[in-house]
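Since the structure comes first, as structure tokens, the remarks are kept for the end.
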Amino acid sequence: MAVLQELPQLEEFPIRTQAYFEDMAQPQVSASGQEETLDQVRSRLTNAADMREKAARRTTRRAARYKRRLEDVQAIIKIKKLERATDLFVWKWLEQLILLLGPWGTSSDDTEYDCKTLAKIYVARELPWRRNVVAPMKRIEDLRKPGGPLERSRGSTAELRVYRKNAVKSSRDPPMERSKDIFSAAWLEENDQKYLLSFSEQKFEFLDYDTFFS
């Protein structure tokens, strides 16, 4: 039980009281009326602690990814300004998109390993409420890949991050007071009243992905 209390409080897991943890440590009764054994209680608590540890790692990676994406885009903006590049506006747009989404609008991921190479793979989770921004996010992630403009940057270890169509959906609630333009229109139609969302007045126009991120 002490292990559970020491783990960080995360978005996926609300803050719990001492009474909650004491209640968790009590044997539970199944639908058939059978009470848990001591070993089953220990197993359940261990599984709960493991889930919280995994959530902690996801939270840490998400915060680091948001910071890295923003820094990378800002580094490219400096380069584009020096070059007087015609696509400077695209990178400024990406910077605004990242800032609008914030850490909360950055997708989490789960860790897998390639069965042949044992390389670590990060599988992105889906944020159901968020408009599809996979293409521009992948464009930013490509900056640190071999041959990319930030390949030799400090801390430029490239991650293998994949986006799957039937990805695990994030359990985090949508943020409040954000631009309505970053939300999925289909999701809003079904869930706006459920969450009683409030939006900022900021407008954000999306660029044509096919033109800039193909």
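Labels for the structure tokens follow display order: chains A, B, ..., residues from 1 in each chain, ligands from 1.
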Step one, run DSSP on the backbone; step two, keep only residues of stretch 46-173 of chain A assigned to strand (DSSP E); then write them as a PyMOL selection string. chain A and resi 109-113+120-124+161-162
Using DSSP secondary structure from the backbone, list all helix (DSSP H, G or I) positions within chain A, as a PyMOL selection string. chain A and resi 2-6+18-24+38-83+88-101+103-105+134-144+180-182+185-195+209-212
Compile the contact shell of A:Arg68 as a CSV table (one decimal) with N, CA and C atoms, in the first residue's frame: residues with an atom at most 10 Å away, counting only C-alpha atoms, same-chain residues fewer than 3 positions apart removed.
chain,number,residue,atom,x,y,z
A,62,ARG,N,5.6,12.7,-22.2
A,62,ARG,CA,4.8,13.6,-22.9
A,62,ARG,C,5.3,15.1,-22.7
A,63,ALA,N,5.6,15.4,-21.4
A,63,ALA,CA,6.1,16.7,-21.1
A,63,ALA,C,7.4,17.0,-21.9
A,64,ALA,N,8.3,16.0,-21.9
A,64,ALA,CA,9.6,16.1,-22.6
A,64,ALA,C,9.4,16.3,-24.1
A,65,ARG,N,8.4,15.5,-24.6
A,65,ARG,CA,8.2,15.6,-26.1
A,65,ARG,C,7.6,17.0,-26.5
A,71,GLU,N,11.1,23.5,-28.9
A,71,GLU,CA,12.5,23.9,-29.1
A,71,GLU,C,13.0,23.6,-30.5
A,72,ASP,N,12.7,22.5,-31.0
A,72,ASP,CA,13.1,22.1,-32.4
A,72,ASP,C,12.5,23.1,-33.4
A,73,VAL,N,11.2,23.3,-33.3
A,73,VAL,CA,10.6,24.2,-34.3
A,73,VAL,C,11.2,25.6,-34.2
A,74,GLN,N,11.4,26.1,-33.0
A,74,GLN,CA,12.0,27.4,-32.8
A,74,GLN,C,13.4,27.5,-33.3
A,140,ILE,N,7.7,17.4,-37.6
A,140,ILE,CA,8.6,17.9,-36.6
A,140,ILE,C,9.6,16.8,-36.1
A,141,GLU,N,9.0,15.6,-35.9
A,141,GLU,CA,9.8,14.5,-35.4
A,141,GLU,C,10.9,14.1,-36.4
A,155,GLY,N,21.3,16.3,-27.7
A,155,GLY,CA,20.2,15.5,-27.3
A,155,GLY,C,19.4,15.0,-28.4
A,156,SER,N,20.0,14.8,-29.6
A,156,SER,CA,19.2,14.5,-30.8
A,156,SER,C,19.0,13.0,-31.0
For A:Tyr113, the nearest of the candidates A:Ser184, A:Trp91, A:Arg161, A:Pro149, counting only C-alpha atoms: A:Arg161
Taking 6 positions as the minimum chain separation for residues in the same chain, which residues sit within 10 Å of A:Trp104 when counting only C-alpha atoms? Answer as a PyMOL selection string. chain A and resi 11+59+62-63+66+127+172-175
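As for atom CA of A:Val162 and atom CA of A:Val123, they are spaced 5.1 Å apart.
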Two-atom distance - atom CA of A:Leu101, atom CA of A:Lys54 (Å): 23.0 Å
Closest atom pairs, stretch 50-102 of chain A residues within 10 Å of stretch 202-205 of chain A, only C-alpha atoms, as CSV:
residue,atom,partner,partner_atom,distance
A:Trp93,CA,A:Glu205,CA,9.1
A:Gln96,CA,A:Phe204,CA,8.7
A:Leu97,CA,A:Phe204,CA,8.2
A:Leu100,CA,A:Phe204,CA,8.8
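Of the residues listed (A:Asp181, A:Asp142, A:Asp87, A:Glu189), A:Asp181 shows the shortest atom-to-atom separation from A:Phe206; distances use only C-alpha atoms.
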Between A:Gly102, A:Gly33, A:Gly148, A:Leu118, which one has atoms that come closest to A:Glu177, using only C-alpha atoms?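 Selected residue with least distance to A:Glu177: A:Gly102.
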Shortest interatomic distance to A:Asp110 - which of A:Arg139, A:Arg178, A:Arg58, A:Arg44, counting only C-alpha atoms: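 Under the stated criterion, the closest residue is A:Arg58.
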Would you kindly return, as a list in words, each protein, DNA or RNA residue with an atom no farther than 8 Å from any atom of A:Leu70, considering only C-alpha atoms and excluding same-chain residues fewer than 5 positions away?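 My list of contacting residues is Glu95, Ile98 and Leu99 of chain A.
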Identify which of the residues A:Ala55, A:Ile182, A:Ile121, A:Val29 lies closest to A:Gly105, counting only C-alpha atoms when measuring atom-to-atom distances.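 Once distances to A:Gly105 are computed over only C-alpha atoms, the minimum belongs to A:Ile182.
Relative to atom CA of A:Lys165, atom CA of A:Glu151 is found at 28.0 Å.
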